[in-house]
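Okay, structure first, notes after.
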Amino acid sequence: MPRPGLVAAGLAAAGLVALVILAALTGLGQGGGSVDWSVLVGPYGRRVVVFSCLQAGLSTLLSLALGALLALGLARRASFPGRQFALSLIATATALPGIVVVFAVVTVYGRGGWIGALARSFGFDPGTWLYGLPGILIAHVFMNGPFCARVLLQALEAVPPEQHRLAAHLGLTPRAVFRHLDLPILGREMPGLAALVFLLCFSSFAVVLTLGGGPDRATLEVAIFEALRVDADFARAAMLATGQLGFGLVLTVVFVALARRPAEIAGAGRAATRPDRESRGLRLFDLAALAIGALVVVPPLVAVALAARRLDTLIARDVMAAAATSAWVALAAASLSVMLAVAIAVAARDLRRHRRAGLGRLVATIAYAPLALPSFALIAGLFGVLRRVVDPLAIGPGMVVLVNALMALPFVVRLVEPPLLLAGERHGRLADALDMRGLVRLRLVDWPLLKVPLRSAFALAAALSLGDLGVIAFFGGPDFETLPFLLYQRLGAYRLDEAAAVALLLALIVFLLSLAAHSEPRRDAEA
Amino acid sequence: MLKLERLTVAYPDFVGRYDLVVPRGALCAVVGPSGGGKTTLLSAIAGFETVAAGHLAFDGIDLLPLPPARRPVGLLFQEFNLFPHLTAAENVGLGLRPDLRLSPAQHAEVEAALDRVGLAGYGPRRPAALSGGQRQRVALARALAMKRPLLLLDEPFAALDPGLRRGMIALVDTLRRDQGLTVVMSIHTPEDVVDRADLIAFVDGGAVAACGPPAAVMNLPALDAFLGR
């Protein structure tokens with residue numbers, strides 16, 4: 001028998017997610033009045049879609065290449081001075097808010113930045129090369145390359161130590177080790193990862209809005225934003241959001257089909273030394289790979305730290321208010337997201353274990369639905385529904401928390417689902433036999449395996465909410481400002497010193513959250 | 001002859017110091033409680049542990065300077081002996097040429113090795129299409145194809161049911177006699193090997209606490225707790 005209380009809680013959570021999404025879809029359906037496909041298939045729509053695909057495709061390719069290089073280098077070099085610090089930098093780059101990344105990229109590569117100054121010192125005019133595809137690619141690779149590296153490194157490190165010992169025993173050459181150990185892992189992980197990175201880049205907002213350089217280089221999300229907030233053309237926004245939804249659905253189906261259950265550490269005994277780590281050629285290769293990674297990741301982070309010359313501006317009243325707003329919004333969104341995720345994952349697991357697999361799969365899939373409905377399509381749809389009954393801006397804070405929680409939900413579920421499944425596989429029957437139920441079972445059976453991933457999930461959801469610019473750009477205003485919103489405004493007003501201080505504050509908070517999220521789990525009871 | 005003298009492996013939480021002599025062509029069963037150091041002993045012989053002190057030789061050849069691939073050792077773990085993306089034949093072929101560019105003669109060797117372990121015709125199958133016992137047979141076939149005189153088995157049949165486990169041990173014993181192999185096998189169920197082993201080595205606390213013919217060692221009081229007597 002599935003446990004009725006926990007299953008009911010999970011069904012209620014899934015129902016809430018489904019209700020919000022259905023409301024958004026209804027809003028999109030009603031919003032435009034007559035359907036005008038020319039918005040999507042006309043010259044403007046085609047240009048937006050083609051550019052969205054082009055920048056996302058190139059960003060994905062470059063991010064995967066950098067991620068694979070870094071992951072292989074870090075997997076082969078399992079111990080060197082500063083490795084842990086390098087991993088922390090990678091985690092920080094992954095979670096840095098888009099608007100902070102934009103600021104960092106402009107500070108390093110912009111006309112008035114380091115590269116611009118270098119060009120001028122050699123007598124060249126740096127021009128505005130950054131704005132457009134180059135800037136978008138640099139920012140996306142800075143964010144997603146390290147993300148790919150983390151995912152691939154985790155998979156490479158989960159190879160059982162016996163397989164490395166076997167490779168050493170068989171005398172496999174470095175090339176054969178790559179072919180028989182690394183390549184199958186990369187081949188297994190990369191398709192799902194590529195689909196996810198493409199999806200993230202396809203729906204990129206802050207980077208494209210600020211570095212895109214104009215309407216010619218807009219993604220669908222930016223086009224929706226411009227239609228709603230600049231032109232107040234809800235019909236066009238609804239059509240663009242429908243197009244975004246179509247692409248999102250296809251990409252999400254691809255992602256869910258290709259995504260693997262995150263790798264668990266397998267095998268027995270002590271970790272084995274990789275047999276290819278002594279190869280001199282690979283040492284040079286890995287050194288070059290790590291140097292390239294450092295070149296991509298370190299300068300923007302240093303730029304954020306060095307640019308903040310006016311730290312005194314952080315004590316200004318509006319900064320303090322924005323920081324407080326960011327904090328409570330992030331905490332509320334992360335709490336809501338984690339509660340929804342745990343409720344859904346527990347219910348899905350229990351339903352599957354008790355021969356209601358179809359319903360279990362449906363409940364689990366609902367948690368991934370926000371991936372298919374990018375934040376702007378969700379906002380545009382909710383905007384369309386709510387404006388009939390209430391001023392959407394009047395309930396802005398609640399909407400920001402809700403949408404941020406839903407946007408983080410797929411990532412949170414992905415972190416909490418595997419340990420819950422593992423707890424069920426390991427101890428489910430014993431717990432059934434002992435008639436352990438409800439919160440007691442959650443505390444004694446699930447919690448020991450869940451607590452570390454849950455901490456990571458909470459920190460990730462908080463970081464995602466903290467860095468949000470897309471949702472707050474709709475609902476924000478003078479009375480409701482978060483740190484990214486404030487940073488965006490200060491960048492727009494060319495108050496760069498003050499913007500730098502806010503960027504540093506955001507980066508530091510995200511760094512601390514990354515440390516909390518990625519501190520090593522203890523492997524007790526596993527020996 | 002395999003000879004270990006004060007072979008020392010040191011970790012912050014564990015120190016193993018082993019003395020052991022196994023005559024050429026003998027089957028030595030390594031038994032003892034979990035965490036006693038059986039796997040560390042076999043890993044040290046295979047070359048996967050950093051040896052802090054002592055001597056290790058086989059037929060008079062010092063093994064310590066040799067990397068794992070150049071030691072005269074064939075090897076089986078309890079799990080993960082096969083690469084899942086390769087077929088059974090390719091997994092065996094890796095033992096002959098790591099780049100898998102096998103000559104016709106080597107292909108024939110692979111087939112012969114699979115035949116010897118009772119898997120003729122299973123070459124094209126991938127590990128996922130084999131049972132646990134068949135997977136271990138493929139790994140055994142690879143060890144045979146490599147023609148290494150010393151075979152180390154680290155609880156390789158622990159996951160098999162009792163009948164299959166005894167069948168695999170009988171197969172190993174037959175191959176040992178046919179090919180003159182020296183076999184060192186760690187095992188949780190000493191009753192499976194007492195009638196076949198020439199030696200039983202009881203490993204506990206990171207040392208070989210007792211070693212000798214099965215009849216003598218199995219009756220020692222030191223094994224009472226381990227055997228539940």
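For the structure tokens, the naming scheme is as follows: chains receive sequential letters (A, B, ...) according to their order of presentation, residues are indexed from 1 within each chain, and ligands are indexed from 1 in presentation order.
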
Q: Check the DSSP output for the backbone and give back, as JSON, numbers by chain, the residues of region 39-222 of chain B in strand (DSSP E or B).
A: {"B": [51, 52, 53, 54, 55, 56, 57, 58, 61, 62, 73, 74, 75, 76, 150, 151, 152, 153, 154, 182, 183, 184, 185, 186, 199, 200, 201, 202, 203, 204, 207, 208, 209, 210, 211, 212]}

(Q) Taking only C-alpha atoms into account, find every residue of chain B that has an atom no more than 8 Å from chain A, and write it out as a list in words. (A) Ala46, Phe48, Pro68, Ala69, Arg70, Leu75, Phe77, Glu79, Phe80, Asn81, Leu82, Phe83, His85, Leu94, Gly95, Pro98 and Asp99 of chain B

Just to be explicit: take each residue in the selection above, keep N, CA and C atoms, and write the result as a PDB file, in the first residue's frame.
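As a result, again-v4.pdb now contains:
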ATOM      1  N   ALA B  46      49.175  -7.568  -7.021  1.00  0.00           N
ATOM      2  CA  ALA B  46      48.875  -7.152  -8.400  1.00  0.00           C
ATOM      3  C   ALA B  46      49.546  -5.841  -8.780  1.00  0.00           C
ATOM      4  N   PHE B  48      48.705  -2.670  -7.254  1.00  0.00           N
ATOM      5  CA  PHE B  48      47.831  -1.506  -7.124  1.00  0.00           C
ATOM      6  C   PHE B  48      48.030  -0.760  -5.818  1.00  0.00           C
ATOM      7  N   PRO B  68      51.715  -2.791 -12.820  1.00  0.00           N
ATOM      8  CA  PRO B  68      50.715  -3.870 -12.851  1.00  0.00           C
ATOM      9  C   PRO B  68      50.696  -4.643 -14.165  1.00  0.00           C
ATOM     10  N   ALA B  69      50.807  -3.931 -15.279  1.00  0.00           N
ATOM     11  CA  ALA B  69      50.661  -4.597 -16.578  1.00  0.00           C
ATOM     12  C   ALA B  69      51.818  -5.544 -16.875  1.00  0.00           C
ATOM     13  N   ARG B  70      52.961  -5.357 -16.211  1.00  0.00           N
ATOM     14  CA  ARG B  70      54.129  -6.196 -16.519  1.00  0.00           C
ATOM     15  C   ARG B  70      54.354  -7.285 -15.468  1.00  0.00           C
ATOM     16  N   LEU B  75      43.986 -11.573 -13.360  1.00  0.00           N
ATOM     17  CA  LEU B  75      43.268 -10.951 -12.256  1.00  0.00           C
ATOM     18  C   LEU B  75      41.761 -10.988 -12.461  1.00  0.00           C
ATOM     19  N   PHE B  77      38.232  -9.465 -10.326  1.00  0.00           N
ATOM     20  CA  PHE B  77      37.589  -8.832  -9.176  1.00  0.00           C
ATOM     21  C   PHE B  77      36.208  -9.453  -8.977  1.00  0.00           C
ATOM     22  N   GLU B  79      33.445  -7.656  -9.134  1.00  0.00           N
ATOM     23  CA  GLU B  79      32.578  -7.004 -10.126  1.00  0.00           C
ATOM     24  C   GLU B  79      33.439  -6.156 -11.044  1.00  0.00           C
ATOM     25  N   PHE B  80      32.794  -5.618 -12.066  1.00  0.00           N
ATOM     26  CA  PHE B  80      33.402  -4.641 -12.969  1.00  0.00           C
ATOM     27  C   PHE B  80      34.643  -5.185 -13.668  1.00  0.00           C
ATOM     28  N   ASN B  81      34.647  -6.480 -13.995  1.00  0.00           N
ATOM     29  CA  ASN B  81      35.781  -7.062 -14.708  1.00  0.00           C
ATOM     30  C   ASN B  81      35.719  -6.804 -16.206  1.00  0.00           C
ATOM     31  N   LEU B  82      34.548  -6.408 -16.691  1.00  0.00           N
ATOM     32  CA  LEU B  82      34.378  -6.248 -18.132  1.00  0.00           C
ATOM     33  C   LEU B  82      34.015  -4.809 -18.467  1.00  0.00           C
ATOM     34  N   PHE B  83      34.416  -4.384 -19.662  1.00  0.00           N
ATOM     35  CA  PHE B  83      33.979  -3.084 -20.158  1.00  0.00           C
ATOM     36  C   PHE B  83      32.618  -3.276 -20.828  1.00  0.00           C
ATOM     37  N   HIS B  85      30.795  -1.685 -22.889  1.00  0.00           N
ATOM     38  CA  HIS B  85      30.528  -1.329 -24.289  1.00  0.00           C
ATOM     39  C   HIS B  85      31.215  -2.278 -25.263  1.00  0.00           C
ATOM     40  N   LEU B  94      41.212  -7.769 -25.291  1.00  0.00           N
ATOM     41  CA  LEU B  94      41.986  -6.702 -24.641  1.00  0.00           C
ATOM     42  C   LEU B  94      43.205  -7.264 -23.923  1.00  0.00           C
ATOM     43  N   GLY B  95      43.074  -8.488 -23.437  1.00  0.00           N
ATOM     44  CA  GLY B  95      44.202  -9.105 -22.741  1.00  0.00           C
ATOM     45  C   GLY B  95      45.352  -9.446 -23.672  1.00  0.00           C
ATOM     46  N   PRO B  98      45.830  -4.391 -26.234  1.00  0.00           N
ATOM     47  CA  PRO B  98      44.971  -3.335 -25.699  1.00  0.00           C
ATOM     48  C   PRO B  98      44.315  -2.472 -26.778  1.00  0.00           C
ATOM     49  N   ASP B  99      44.914  -2.431 -27.993  1.00  0.00           N
ATOM     50  CA  ASP B  99      44.275  -1.634 -29.046  1.00  0.00           C
ATOM     51  C   ASP B  99      43.285  -2.461 -29.863  1.00  0.00           C
TER      52      ASP B  99
END

Leaving out Leu40 (chain A) and any residue of its chain fewer than 6 positions from it, which residues lie within 9 Å of it when counting only C-alpha atoms, given as a PDB file with C-alpha atoms, in the first residue's frame?
ATOM      1  CA  ARG A  46      12.135  33.700 -38.333  1.00  0.00           C
ATOM      2  CA  VAL A  48      14.444  35.611 -33.804  1.00  0.00           C
ATOM      3  CA  VAL A  49      14.064  31.825 -33.979  1.00  0.00           C
ATOM      4  CA  ARG A 236       2.561  39.445 -30.161  1.00  0.00           C
ATOM      5  CA  MET A 239       2.347  34.253 -30.048  1.00  0.00           C
ATOM      6  CA  LEU A 240       6.065  34.452 -29.319  1.00  0.00           C
ATOM      7  CA  GLY A 243       6.512  29.498 -30.113  1.00  0.00           C
TER       8      GLY A 243
END

Q. Tell me, which residues of region 35-159 of chain B carry DSSP alpha helix (DSSP H), written as number ranges by chain?
A. B: 38-46, 88-93, 104-116, 132-145

Q | Atom pair CA of Leu137 (chain A) / CA of Arg111 (chain A): separation (Å) | A | 16.8 Å

Q.
Let me make sure I understand: among A:Thr313, A:Ser203, A:Ser326, A:Ser456, which one has the smallest atom-to-atom distance to Leu371 (chain A) if we use only C-alpha atoms?
A.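 Selected residue with least distance to Leu371 (chain A): A:Ser203.
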
Q.
Need to verify the contact set: Arg361 (chain A), 10 Å, only C-alpha atoms, exclusion of same-chain residues closer than 4 positions in sequence. Can you return it as number ranges by chain?
A. A: 348-349, 351-352, 356-357, 365-366

Written selection (N, CA and C atoms) as a PDB file, in the first residue's frame:
ATOM      1  N   ALA A 348       5.916  10.058  -6.206  1.00  0.00           N
ATOM      2  CA  ALA A 348       6.215   9.331  -7.449  1.00  0.00           C
ATOM      3  C   ALA A 348       6.882   8.001  -7.133  1.00  0.00           C
ATOM      4  N   ARG A 349       7.812   8.017  -6.181  1.00  0.00           N
ATOM      5  CA  ARG A 349       8.507   6.779  -5.818  1.00  0.00           C
ATOM      6  C   ARG A 349       7.539   5.769  -5.208  1.00  0.00           C
ATOM      7  N   LEU A 351       4.300   5.567  -5.489  1.00  0.00           N
ATOM      8  CA  LEU A 351       3.327   5.066  -6.472  1.00  0.00           C
ATOM      9  C   LEU A 351       3.981   4.022  -7.382  1.00  0.00           C
ATOM     10  N   ARG A 352       5.234   4.285  -7.792  1.00  0.00           N
ATOM     11  CA  ARG A 352       5.928   3.318  -8.651  1.00  0.00           C
ATOM     12  C   ARG A 352       6.151   1.999  -7.916  1.00  0.00           C
ATOM     13  N   ARG A 356       1.676   1.416  -9.235  1.00  0.00           N
ATOM     14  CA  ARG A 356       0.919   2.469  -9.911  1.00  0.00           C
ATOM     15  C   ARG A 356       1.936   3.300 -10.693  1.00  0.00           C
ATOM     16  N   ALA A 357       2.672   2.577 -11.536  1.00  0.00           N
ATOM     17  CA  ALA A 357       3.809   3.188 -12.214  1.00  0.00           C
ATOM     18  C   ALA A 357       3.381   4.332 -13.124  1.00  0.00           C
ATOM     19  N   THR A 365       6.855  13.540 -13.995  1.00  0.00           N
ATOM     20  CA  THR A 365       7.023  14.347 -15.210  1.00  0.00           C
ATOM     21  C   THR A 365       6.527  15.763 -15.004  1.00  0.00           C
ATOM     22  N   ILE A 366       5.477  15.914 -14.179  1.00  0.00           N
ATOM     23  CA  ILE A 366       4.949  17.265 -13.930  1.00  0.00           C
ATOM     24  C   ILE A 366       6.034  18.162 -13.321  1.00  0.00           C
TER      25      ILE A 366
END

Q.
Considering only C-alpha atoms, can you say which of B:Arg135, B:Arg116, B:Arg101, B:Lys3 comes closest to Gln78 (chain B)?
A.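 Selected residue with least distance to Gln78 (chain B): B:Arg135.
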
(Q) Taking 2 positions as the minimum chain separation for residues in the same chain, which residues sit within 10 Å of Val510 (chain A) when counting only C-alpha atoms? Answer as a PyMOL selection string. (A) chain A and resi 91-97+459-460+462-464+466-467+504-508+512-516

Q | All residues 9 Å or closer to Val138 (chain B), only C-alpha atoms, same chain fewer than 6 positions away omitted, as a list of chain:residue names | A | B:Asn81, B:Leu82, B:Ala88, B:Ala89, B:Asn91, B:Val92, B:Ala113, B:Leu114, B:Val117, B:Leu119, B:Gly123, B:Pro127

Would you output that residue set with N, CA and C atoms, as a short mmCIF file (atom, residue, chain, number, x, y, z; two decimals), in the first residue's frame?
data_model
loop_
_atom_site.label_atom_id
_atom_site.label_comp_id
_atom_site.auth_asym_id
_atom_site.auth_seq_id
_atom_site.Cartn_x
_atom_site.Cartn_y
_atom_site.Cartn_z
N ASN B 81 34.65 -6.48 -13.99
CA ASN B 81 35.78 -7.06 -14.71
C ASN B 81 35.72 -6.80 -16.21
N LEU B 82 34.55 -6.41 -16.69
CA LEU B 82 34.38 -6.25 -18.13
C LEU B 82 34.01 -4.81 -18.47
N ALA B 88 31.95 -9.77 -25.46
CA ALA B 88 32.72 -10.73 -24.67
C ALA B 88 34.07 -11.00 -25.34
N ALA B 89 34.04 -11.19 -26.66
CA ALA B 89 35.28 -11.49 -27.38
C ALA B 89 36.26 -10.31 -27.30
N ASN B 91 36.38 -8.06 -24.92
CA ASN B 91 36.90 -8.01 -23.55
C ASN B 91 38.04 -9.00 -23.35
N VAL B 92 37.91 -10.18 -23.96
CA VAL B 92 38.99 -11.16 -23.87
C VAL B 92 40.18 -10.68 -24.69
N ALA B 113 39.92 -19.48 -25.73
CA ALA B 113 39.80 -19.16 -24.31
C ALA B 113 38.33 -19.18 -23.88
N LEU B 114 37.46 -18.63 -24.71
CA LEU B 114 36.03 -18.67 -24.39
C LEU B 114 35.52 -20.11 -24.36
N VAL B 117 36.28 -21.94 -21.09
CA VAL B 117 35.45 -21.62 -19.93
C VAL B 117 33.97 -21.92 -20.21
N LEU B 119 32.11 -21.03 -22.92
CA LEU B 119 31.32 -19.96 -23.54
C LEU B 119 31.55 -19.89 -25.06
N GLY B 123 30.96 -15.04 -27.95
CA GLY B 123 31.85 -13.92 -28.24
C GLY B 123 31.16 -12.63 -28.62
N PRO B 127 28.33 -7.66 -22.22
CA PRO B 127 28.15 -8.10 -20.84
C PRO B 127 26.71 -8.02 -20.35
#

Q: Would you list the contacts of Ala52 (chain B) as a ChimeraX atom specification, taking every protein, DNA or RNA residue within 8 Å and counting only C-alpha atoms, but skipping same-chain residues closer than 6 positions in sequence?
A: /B:7-10

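Taking CA of Ala289 (chain A) and CA of Leu258 (chain A) as endpoints, the distance between them is 27.1 Å.
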